[in-house]
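Visitor: Next comes final29.pdb, PDB, C-alpha atoms:
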MODEL        1
ATOM      1  CA  MET A   1      43.911 -83.400  96.505
ATOM      2  CA  GLU A   2      41.147 -80.804  96.384
ATOM      3  CA  ARG A   3      41.531 -78.068  93.763
ATOM      4  CA  LEU A   4      42.474 -74.834  95.538
ATOM      5  CA  PHE A   5      41.138 -72.299  93.014
ATOM      6  CA  GLU A   6      41.343 -71.186  89.382
ATOM      7  CA  ILE A   7      44.475 -69.113  88.766
ATOM      8  CA  LEU A   8      43.883 -66.136  86.473
ATOM      9  CA  TYR A   9      47.416 -64.730  86.644
ATOM     10  CA  GLU A  10      50.620 -65.251  88.598
ATOM     11  CA  ASP A  11      54.103 -63.726  88.717
ATOM     12  CA  PRO A  12      56.717 -63.243  91.478
ATOM     13  CA  ASP A  13      54.699 -60.337  92.970
ATOM     14  CA  LEU A  14      51.042 -61.139  92.323
ATOM     15  CA  LEU A  15      48.576 -64.002  92.371
ATOM     16  CA  VAL A  16      45.114 -63.419  90.929
ATOM     17  CA  VAL A  17      42.439 -66.074  91.387
ATOM     18  CA  ASN A  18      38.797 -66.700  90.626
ATOM     19  CA  LYS A  19      37.377 -67.238  94.119
ATOM     20  CA  PRO A  20      34.698 -69.929  94.280
ATOM     21  CA  ALA A  21      31.305 -69.079  95.723
ATOM     22  CA  ASP A  22      30.592 -70.251  99.286
ATOM     23  CA  LEU A  23      34.188 -69.755 100.429
ATOM     24  CA  VAL A  24      35.182 -67.184 103.069
ATOM     25  CA  CYS A  25      38.281 -65.071 102.468
ATOM     26  CA  HIS A  26      39.565 -65.108 106.051
ATOM     27  CA  PRO A  27      40.627 -68.069 108.210
ATOM     28  CA  THR A  28      37.992 -70.040 110.081
ATOM     29  CA  LYS A  29      38.057 -72.930 112.526
ATOM     30  CA  GLY A  30      37.660 -75.361 109.659
ATOM     31  CA  ASP A  31      40.327 -77.286 107.781
ATOM     32  CA  ILE A  32      43.064 -75.866 105.547
ATOM     33  CA  TYR A  33      40.678 -75.636 102.604
ATOM     34  CA  SER A  34      38.006 -73.662 104.490
ATOM     35  CA  SER A  35      39.187 -70.143 103.574
ATOM     36  CA  LEU A  36      40.702 -68.485 100.542
ATOM     37  CA  ILE A  37      43.745 -67.161 102.376
ATOM     38  CA  SER A  38      44.582 -70.611 103.771
ATOM     39  CA  ARG A  39      44.380 -72.061 100.268
ATOM     40  CA  VAL A  40      46.599 -69.259  98.975
ATOM     41  CA  ARG A  41      49.198 -70.057 101.632
ATOM     42  CA  LEU A  42      49.162 -73.695 100.562
ATOM     43  CA  HIS A  43      49.783 -72.579  96.984
ATOM     44  CA  VAL A  44      52.564 -70.021  97.544
ATOM     45  CA  GLY A  45      54.322 -71.974 100.294
ATOM     46  CA  GLU A  46      56.709 -70.528 102.864
ATOM     47  CA  LYS A  47      58.775 -68.614 100.306
ATOM     48  CA  PHE A  48      56.176 -65.825 100.014
ATOM     49  CA  SER A  49      53.826 -64.007 102.339
ATOM     50  CA  ALA A  50      50.200 -63.673 101.270
ATOM     51  CA  HIS A  51      48.164 -60.457 101.501
ATOM     52  CA  LEU A  52      44.640 -60.155 100.114
ATOM     53  CA  VAL A  53      44.436 -56.890  98.183
ATOM     54  CA  ASN A  54      40.655 -57.114  97.805
ATOM     55  CA  ARG A  55      38.072 -59.313  99.509
ATOM     56  CA  LEU A  56      34.729 -60.794  98.553
ATOM     57  CA  ASP A  57      31.825 -61.956 100.677
ATOM     58  CA  ARG A  58      31.469 -65.670 101.348
ATOM     59  CA  GLU A  59      28.927 -66.340  98.595
ATOM     60  CA  THR A  60      30.395 -63.929  96.031
ATOM     61  CA  SER A  61      32.629 -65.488  93.395
ATOM     62  CA  GLY A  62      35.174 -63.798  91.167
ATOM     63  CA  VAL A  63      38.441 -61.889  90.929
ATOM     64  CA  VAL A  64      40.573 -61.682  94.068
ATOM     65  CA  MET A  65      44.128 -60.373  93.964
ATOM     66  CA  VAL A  66      46.893 -61.426  96.347
ATOM     67  CA  ALA A  67      50.201 -59.617  96.907
ATOM     68  CA  LYS A  68      53.126 -61.917  97.656
ATOM     69  CA  HIS A  69      55.206 -59.273  99.440
ATOM     70  CA  PRO A  70      54.332 -56.665 102.107
ATOM     71  CA  GLU A  71      55.673 -53.760 100.016
ATOM     72  CA  VAL A  72      53.528 -54.759  97.011
ATOM     73  CA  ALA A  73      50.527 -55.038  99.308
ATOM     74  CA  LYS A  74      51.140 -51.491 100.618
ATOM     75  CA  GLN A  75      51.419 -50.063  97.109
ATOM     76  CA  LEU A  76      48.211 -51.693  95.946
ATOM     77  CA  ALA A  77      46.366 -50.752  99.142
ATOM     78  CA  LYS A  78      47.038 -47.103  98.309
ATOM     79  CA  LEU A  79      45.313 -47.577  94.937
ATOM     80  CA  TRP A  80      42.236 -48.922  96.709
ATOM     81  CA  GLU A  81      42.279 -46.039  99.186
ATOM     82  CA  ARG A  82      42.248 -43.584  96.254
ATOM     83  CA  ARG A  83      39.457 -45.586  94.581
ATOM     84  CA  ALA A  84      41.745 -45.974  91.591
ATOM     85  CA  ALA A  85      40.700 -49.569  90.895
ATOM     86  CA  ARG A  86      37.771 -50.292  88.557
ATOM     87  CA  LYS A  87      35.516 -53.034  89.936
ATOM     88  CA  VAL A  88      32.810 -54.565  87.741
ATOM     89  CA  TYR A  89      30.327 -57.182  88.934
ATOM     90  CA  TRP A  90      27.606 -59.327  87.417
ATOM     91  CA  ALA A  91      24.392 -60.050  89.287
ATOM     92  CA  ILE A  92      21.099 -61.809  88.607
ATOM     93  CA  VAL A  93      18.177 -60.167  90.388
ATOM     94  CA  HIS A  94      14.479 -60.789  90.872
ATOM     95  CA  GLY A  95      12.132 -58.852  88.596
ATOM     96  CA  HIS A  96      12.643 -56.907  85.383
ATOM     97  CA  VAL A  97      14.706 -53.765  86.003
ATOM     98  CA  ARG A  98      12.881 -51.038  84.066
ATOM     99  CA  GLU A  99      15.748 -48.690  83.179
ATOM    100  CA  ASP A 100      18.435 -49.949  80.815
ATOM    101  CA  ARG A 101      21.094 -48.211  82.919
ATOM    102  CA  GLY A 102      21.297 -45.913  85.879
ATOM    103  CA  LEU A 103      22.944 -44.907  89.142
ATOM    104  CA  ILE A 104      21.946 -45.996  92.639
ATOM    105  CA  ASP A 105      23.063 -43.252  95.024
ATOM    106  CA  ALA A 106      22.154 -44.162  98.606
ATOM    107  CA  PRO A 107      24.276 -43.782 101.770
ATOM    108  CA  LEU A 108      24.977 -46.878 103.861
ATOM    109  CA  GLY A 109      25.397 -47.453 107.584
ATOM    110  CA  VAL A 110      24.873 -49.985 110.359
ATOM    111  CA  ASP A 111      21.417 -51.590 110.484
ATOM    112  CA  GLU A 112      20.584 -51.050 114.142
ATOM    113  CA  GLN A 113      17.265 -52.887 113.796
ATOM    114  CA  SER A 114      18.857 -56.169 112.757
ATOM    115  CA  GLU A 115      19.981 -58.982 115.015
ATOM    116  CA  VAL A 116      22.816 -59.662 112.562
ATOM    117  CA  ALA A 117      25.820 -57.644 113.714
ATOM    118  CA  ILE A 118      27.418 -57.336 110.278
ATOM    119  CA  LYS A 119      24.281 -56.097 108.510
ATOM    120  CA  SER A 120      24.122 -52.618 106.997
ATOM    121  CA  CYS A 121      21.304 -50.640 105.404
ATOM    122  CA  VAL A 122      20.462 -47.454 103.529
ATOM    123  CA  ARG A 123      20.254 -44.600 106.022
ATOM    124  CA  PRO A 124      20.435 -40.784 105.589
ATOM    125  CA  ASP A 125      23.371 -40.404 107.983
ATOM    126  CA  GLY A 126      25.382 -43.203 106.378
ATOM    127  CA  GLN A 127      28.522 -43.058 104.272
ATOM    128  CA  PRO A 128      28.124 -42.047 100.605
ATOM    129  CA  ALA A 129      27.725 -45.017  98.259
ATOM    130  CA  GLN A 130      27.155 -45.105  94.494
ATOM    131  CA  THR A 131      26.628 -48.063  92.176
ATOM    132  CA  GLU A 132      26.193 -47.800  88.407
ATOM    133  CA  PHE A 133      24.137 -50.518  86.711
ATOM    134  CA  GLU A 134      23.417 -51.674  83.171
ATOM    135  CA  VAL A 135      20.915 -54.301  82.052
ATOM    136  CA  LEU A 136      22.507 -57.161  80.110
ATOM    137  CA  LEU A 137      19.421 -59.370  79.801
ATOM    138  CA  ARG A 138      15.816 -59.522  80.967
ATOM    139  CA  PHE A 139      14.392 -63.029  81.004
ATOM    140  CA  ALA A 140      11.739 -65.248  82.547
ATOM    141  CA  ARG A 141      11.707 -68.751  83.941
ATOM    142  CA  ALA A 142       9.157 -70.911  85.689
ATOM    143  CA  GLU A 143      10.226 -69.272  88.971
ATOM    144  CA  GLY A 144       9.438 -65.738  87.744
ATOM    145  CA  GLU A 145      11.031 -62.743  86.017
ATOM    146  CA  PHE A 146      14.708 -61.915  86.354
ATOM    147  CA  THR A 147      17.359 -59.436  85.165
ATOM    148  CA  TRP A 148      21.054 -59.952  84.547
ATOM    149  CA  LEU A 149      22.999 -56.799  85.465
ATOM    150  CA  ARG A 150      26.471 -55.397  85.006
ATOM    151  CA  LEU A 151      27.409 -53.232  88.010
ATOM    152  CA  HIS A 152      30.254 -50.775  88.447
ATOM    153  CA  LEU A 153      31.227 -49.785  91.985
ATOM    154  CA  LEU A 154      32.046 -46.089  92.345
ATOM    155  CA  THR A 155      32.557 -46.599  96.084
ATOM    156  CA  GLY A 156      33.409 -49.755  97.995
ATOM    157  CA  ARG A 157      31.192 -49.985 101.054
ATOM    158  CA  LYS A 158      30.510 -53.255 102.849
ATOM    159  CA  HIS A 159      27.762 -55.259 101.085
ATOM    160  CA  GLN A 160      27.145 -52.247  98.844
ATOM    161  CA  ILE A 161      25.748 -53.974  95.762
ATOM    162  CA  ARG A 162      23.573 -56.344  97.767
ATOM    163  CA  ILE A 163      22.027 -53.506  99.786
ATOM    164  CA  HIS A 164      21.601 -51.138  96.842
ATOM    165  CA  LEU A 165      19.781 -53.748  94.761
ATOM    166  CA  GLN A 166      17.500 -54.592  97.660
ATOM    167  CA  HIS A 167      16.887 -50.852  98.128
ATOM    168  CA  VAL A 168      15.592 -50.439  94.570
ATOM    169  CA  GLY A 169      13.381 -53.518  94.838
ATOM    170  CA  HIS A 170      15.491 -56.049  92.944
ATOM    171  CA  VAL A 171      16.986 -58.530  95.410
ATOM    172  CA  ILE A 172      19.807 -60.751  94.170
ATOM    173  CA  VAL A 173      18.642 -64.306  93.470
ATOM    174  CA  GLY A 174      19.836 -66.576  96.281
ATOM    175  CA  GLU A 175      20.490 -63.645  98.645
ATOM    176  CA  LYS A 176      20.071 -64.596 102.293
ATOM    177  CA  LEU A 177      20.945 -61.540 104.409
ATOM    178  CA  TYR A 178      19.407 -58.829 102.212
ATOM    179  CA  GLY A 179      16.480 -60.828 100.918
ATOM    180  CA  GLU A 180      12.993 -61.595 102.136
ATOM    181  CA  ASP A 181      14.077 -62.775 105.584
ATOM    182  CA  GLU A 182      17.448 -62.336 107.291
ATOM    183  CA  ARG A 183      16.813 -65.542 109.237
ATOM    184  CA  PHE A 184      17.872 -67.368 106.084
ATOM    185  CA  TYR A 185      21.357 -65.990 106.721
ATOM    186  CA  LEU A 186      21.315 -66.985 110.386
ATOM    187  CA  ASP A 187      20.198 -70.485 109.466
ATOM    188  CA  LEU A 188      22.985 -70.710 106.886
ATOM    189  CA  VAL A 189      25.610 -69.662 109.430
ATOM    190  CA  HIS A 190      24.365 -72.200 111.955
ATOM    191  CA  GLY A 191      24.092 -74.990 109.385
ATOM    192  CA  ARG A 192      20.338 -75.391 109.638
ATOM    193  CA  LEU A 193      19.111 -74.109 106.280
ATOM    194  CA  THR A 194      16.253 -76.438 105.304
ATOM    195  CA  PRO A 195      15.493 -77.915 101.865
ATOM    196  CA  GLU A 196      12.350 -75.765 101.799
ATOM    197  CA  GLN A 197      14.383 -72.606 102.399
ATOM    198  CA  ARG A 198      16.867 -73.586  99.699
ATOM    199  CA  LEU A 199      13.993 -74.088  97.293
ATOM    200  CA  ARG A 200      12.683 -70.597  98.014
ATOM    201  CA  LEU A 201      16.166 -69.142  97.473
ATOM    202  CA  ILE A 202      16.279 -70.852  94.020
ATOM    203  CA  LEU A 203      20.085 -70.724  93.696
ATOM    204  CA  PRO A 204      22.666 -72.243  96.074
ATOM    205  CA  CYS A 205      24.483 -68.932  96.561
ATOM    206  CA  GLY A 206      23.704 -65.300  95.949
ATOM    207  CA  ALA A 207      24.094 -64.633  92.216
ATOM    208  CA  LEU A 208      26.802 -61.983  92.534
ATOM    209  CA  HIS A 209      30.107 -62.347  90.689
ATOM    210  CA  ALA A 210      33.176 -60.081  90.686
ATOM    211  CA  ARG A 211      33.637 -60.098  86.947
ATOM    212  CA  GLU A 212      36.442 -57.599  86.325
ATOM    213  CA  LEU A 213      39.209 -55.776  88.174
ATOM    214  CA  GLY A 214      41.350 -53.095  86.532
ATOM    215  CA  PHE A 215      43.934 -50.552  87.686
ATOM    216  CA  HIS A 216      47.174 -48.768  86.742
ATOM    217  CA  TRP A 217      50.239 -49.823  88.710
ATOM    218  CA  ALA A 218      53.990 -50.161  88.156
ATOM    219  CA  HIS A 219      53.777 -48.171  84.903
ATOM    220  CA  LYS A 220      51.291 -50.616  83.445
ATOM    221  CA  ASP A 221      47.556 -51.039  82.960
ATOM    222  CA  TRP A 222      46.237 -54.255  84.508
ATOM    223  CA  LYS A 223      42.911 -55.945  83.869
ATOM    224  CA  PHE A 224      41.696 -59.313  85.126
ATOM    225  CA  THR A 225      38.457 -61.032  84.150
ATOM    226  CA  ALA A 226      36.831 -64.105  85.709
ATOM    227  CA  GLU A 227      34.046 -66.347  84.460
ATOM    228  CA  PRO A 228      31.132 -67.144  86.805
ATOM    229  CA  GLU A 229      30.378 -70.648  87.977
ATOM    230  CA  ARG A 230      28.248 -73.007  85.945
ATOM    231  CA  TRP A 231      25.098 -72.642  88.077
ATOM    232  CA  PHE A 232      25.198 -68.886  87.403
ATOM    233  CA  THR A 233      25.389 -69.150  83.615
ATOM    234  CA  GLU A 234      22.926 -72.045  83.421
ATOM    235  CA  PHE A 235      20.317 -70.015  85.288
ATOM    236  CA  LEU A 236      20.426 -67.429  82.519
ATOM    237  CA  GLY A 237      18.748 -69.972  80.270
ATOM    238  CA  THR A 238      20.938 -69.105  77.300
ATOM    239  CA  GLY A 239      23.985 -69.996  79.366
ATOM    240  CA  GLU A 240      27.347 -69.621  77.690
ATOM    241  CA  THR A 241      25.791 -68.134  74.543
ATOM    242  CA  ALA A 242      24.588 -65.138  76.540
ATOM    243  CA  VAL A 243      27.862 -64.842  78.432
ATOM    244  CA  ARG A 244      29.919 -64.834  75.243
ATOM    245  CA  SER A 245      27.703 -62.121  73.731
ATOM    246  CA  VAL A 246      28.653 -59.566  76.435
ATOM    247  CA  ARG A 247      32.367 -60.296  76.840
TER
ENDMDL
END
Please express what this file holds, its structure, as structure tokens.

Guide:
Amino acid sequence: MERLFEILYEDPDLLVVNKPADLVCHPTKGDIYSSLISRVRLHVGEKFSAHLVNRLDRETSGVVMVAKHPEVAKQLAKLWERRAARKVYWAIVHGHVREDRGLIDAPLGVDEQSEVAIKSCVRPDGQPAQTEFEVLLRFARAEGEFTWLRLHLLTGRKHQIRIHLQHVGHVIVGEKLYGEDERFYLDLVHGRLTPEQRLRLILPCGALHARELGFHWAHKDWKFTAEPERWFTEFLGTGETAVRSVR
């Protein structure tokens, strides 16, 4: 039997998992393992309902929380609406980010120039979006120069981190939609990504990981942390040594 996911925490109300990269959150036409929610339903069975409290893009790994009851889902949804949850990500980007820390403040809206319907972009009339960043490590490999970042979302717009990093000239390694050519994304969706394209992308998935999720609920402070997948840490060169140094 295929492993469904790594469980970070579970009780009668909540299930918190470390979503694998290259797995969609919502149901698809594939088999029962093809989406996170279908895997969750296999795990919890018919005794509980399953409601995703937060969602991640297909190629983004990390912390996803599931409510097992509709009332719990409603309560937690209100926290998200108030932006009361703290969301921290890790990313590996192309180039050396000059500033040790900073704030990317750029409004986001629909990219009307793109043939990809779901694509957004920075635009003056967009919705406010702010992302704080901090450099964890600057390093170089045969493929070029790279930076490992810690990112804190102050808002939660669609594809926010991916667009903001592209906007400041530091595309996420392995990024297909907000990288050098959006056709990489279209080819991925249609199953025709070539070996040459994969080589240019360097990593199998975009190097973005939902590292930490924290909030106050039910008279308690909650915090969940997830480790990235092996290909992410190995690309850092120092691997687990570097990861341990910033925990």

Visitor: Fewer than 6 positions away in the same chain doesn't count, so skip those; otherwise give me all residues within 8 Å of Val97 (chain A), counting all atoms listed in the file, as a list in words.

Guide: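 Counting only the stated atoms, we get Val135, Arg138, Thr147 and His170 of chain A.
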
Visitor: Can you pull out every residue within 10 Å of Arg55 (chain A), counting all atoms listed in the file, but drop anything in the same chain fewer than 6 positions away, and send it as number ranges by chain?

Guide: A: 19, 24-26, 36, 62-66

Visitor: If we count only C-alpha atoms, what is near Ser38 (chain A) at a cut-off of 10 Å, once residues fewer than 3 positions away on the same chain are taken out, given as a list in words?

Guide: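 After dropping sequence-adjacent residues, the list is Leu4, Cys25, His26, Pro27, Thr28, Asp31, Ile32, Tyr33, Ser34, Ser35, Arg41, Leu42, His43 and Ala50 of chain A.
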
Visitor: As an exercise, work out the distance from CA of Val189 (chain A) to CA of Gly174 (chain A) in Å and give it to one decimal place.

Guide: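 About the pair CA of Val189 (chain A) and CA of Gly174 (chain A): they are 14.7 Å apart.
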
Visitor: Separation of CA of Pro20 (chain A) and CA of Ser61 (chain A), in Å?

Guide: 5.0 Å

Visitor: Any chance you could resolve the PyMOL selection byres ((chain A and resi 113-128) around 9) against this file and give the residues as a ChimeraX atom specification?

Guide: /A:105-112,129-130,155,157-160,163-164,167,177-178,182,185-186

Visitor: In Å to one decimal, how far is CA of Leu208 (chain A) from CA of Val171 (chain A)?

Guide: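 Between CA of Val171 (chain A) and CA of Leu208 (chain A) the gap is 10.8 Å.
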
Visitor: Can you pull out the residues contacting His96 (chain A)? Cut-off 12 Å, using all atoms listed in the file, and skip same-chain residues under 4 positions away; I want them as number ranges by chain.

Guide: A: 92, 100, 135-141, 144-149, 168-172

Visitor: Residues around (51.5, -55.4, 99.5), cut-off 10 Å, counting only C-alpha atoms - what are they as a PDB file with C-alpha atoms, in the coordinates of the input?

Guide:
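And here's point11.pdb as it stands now:
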ATOM      1  CA  ASP A  13      54.699 -60.337  92.970  1.00  0.00           C
ATOM      2  CA  LEU A  14      51.042 -61.139  92.323  1.00  0.00           C
ATOM      3  CA  SER A  49      53.826 -64.007 102.339  1.00  0.00           C
ATOM      4  CA  ALA A  50      50.200 -63.673 101.270  1.00  0.00           C
ATOM      5  CA  HIS A  51      48.164 -60.457 101.501  1.00  0.00           C
ATOM      6  CA  LEU A  52      44.640 -60.155 100.114  1.00  0.00           C
ATOM      7  CA  VAL A  53      44.436 -56.890  98.183  1.00  0.00           C
ATOM      8  CA  VAL A  66      46.893 -61.426  96.347  1.00  0.00           C
ATOM      9  CA  ALA A  67      50.201 -59.617  96.907  1.00  0.00           C
ATOM     10  CA  LYS A  68      53.126 -61.917  97.656  1.00  0.00           C
ATOM     11  CA  HIS A  69      55.206 -59.273  99.440  1.00  0.00           C
ATOM     12  CA  PRO A  70      54.332 -56.665 102.107  1.00  0.00           C
ATOM     13  CA  GLU A  71      55.673 -53.760 100.016  1.00  0.00           C
ATOM     14  CA  VAL A  72      53.528 -54.759  97.011  1.00  0.00           C
ATOM     15  CA  ALA A  73      50.527 -55.038  99.308  1.00  0.00           C
ATOM     16  CA  LYS A  74      51.140 -51.491 100.618  1.00  0.00           C
ATOM     17  CA  GLN A  75      51.419 -50.063  97.109  1.00  0.00           C
ATOM     18  CA  LEU A  76      48.211 -51.693  95.946  1.00  0.00           C
ATOM     19  CA  ALA A  77      46.366 -50.752  99.142  1.00  0.00           C
ATOM     20  CA  LYS A  78      47.038 -47.103  98.309  1.00  0.00           C
TER      21      LYS A  78
END

Visitor: For the file shown, what are the residues hit by the PyMOL selection byres ((chain A and resi 154) around 9), laid out as a list in words?

Guide: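 This file gives the following for the PyMOL selection byres ((chain A and resi 154) around 9): Arg83, Arg86, Lys87, Ala129, Gln130, Thr131, Glu132, His152, Leu153, Thr155 and Gly156 of chain A.
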
Visitor: Where does the PyMOL selection byres ((chain A and resi 230) around 12) land in this file, that is, which residues does it pick, as a PyMOL selection string?

Guide: chain A and resi 20-21+61+203-205+207+209+227-229+231-240+243

Visitor: Using the selection just defined, write its residues with C-alpha atoms as a compact mmCIF listing (two decimals), in the coordinates of the input.

Guide:
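The resulting part_8.txt:
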# COMPACT_ATOMS: atom_id res chain seq x y z
CA PRO A 20 34.70 -69.93 94.28
CA ALA A 21 31.30 -69.08 95.72
CA SER A 61 32.63 -65.49 93.40
CA LEU A 203 20.08 -70.72 93.70
CA PRO A 204 22.67 -72.24 96.07
CA CYS A 205 24.48 -68.93 96.56
CA ALA A 207 24.09 -64.63 92.22
CA HIS A 209 30.11 -62.35 90.69
CA GLU A 227 34.05 -66.35 84.46
CA PRO A 228 31.13 -67.14 86.80
CA GLU A 229 30.38 -70.65 87.98
CA TRP A 231 25.10 -72.64 88.08
CA PHE A 232 25.20 -68.89 87.40
CA THR A 233 25.39 -69.15 83.62
CA GLU A 234 22.93 -72.04 83.42
CA PHE A 235 20.32 -70.02 85.29
CA LEU A 236 20.43 -67.43 82.52
CA GLY A 237 18.75 -69.97 80.27
CA THR A 238 20.94 -69.10 77.30
CA GLY A 239 23.98 -70.00 79.37
CA GLU A 240 27.35 -69.62 77.69
CA VAL A 243 27.86 -64.84 78.43

Visitor: Out of A:Val88, A:Leu165, A:Leu193, A:Leu23, which residue has the shortest atom-to-atom distance to Glu212 (chain A) when counting only C-alpha atoms?

Guide: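 Looking only at the distances to Glu212 (chain A), the closest residue turns out to be A:Val88.
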
Visitor: Please enclose the listed atoms of region 156-164 of chain A in an axis-aligned box, pad each side by 6 Å, and write out the centre and the three edge lengths in Å, rounded to one decimal, as lines of an AutoDock Vina configuration file.

Guide:
center_x = 27.5
center_y = -53.0
center_z = 99.3
size_x = 23.8
size_y = 18.6
size_z = 19.1
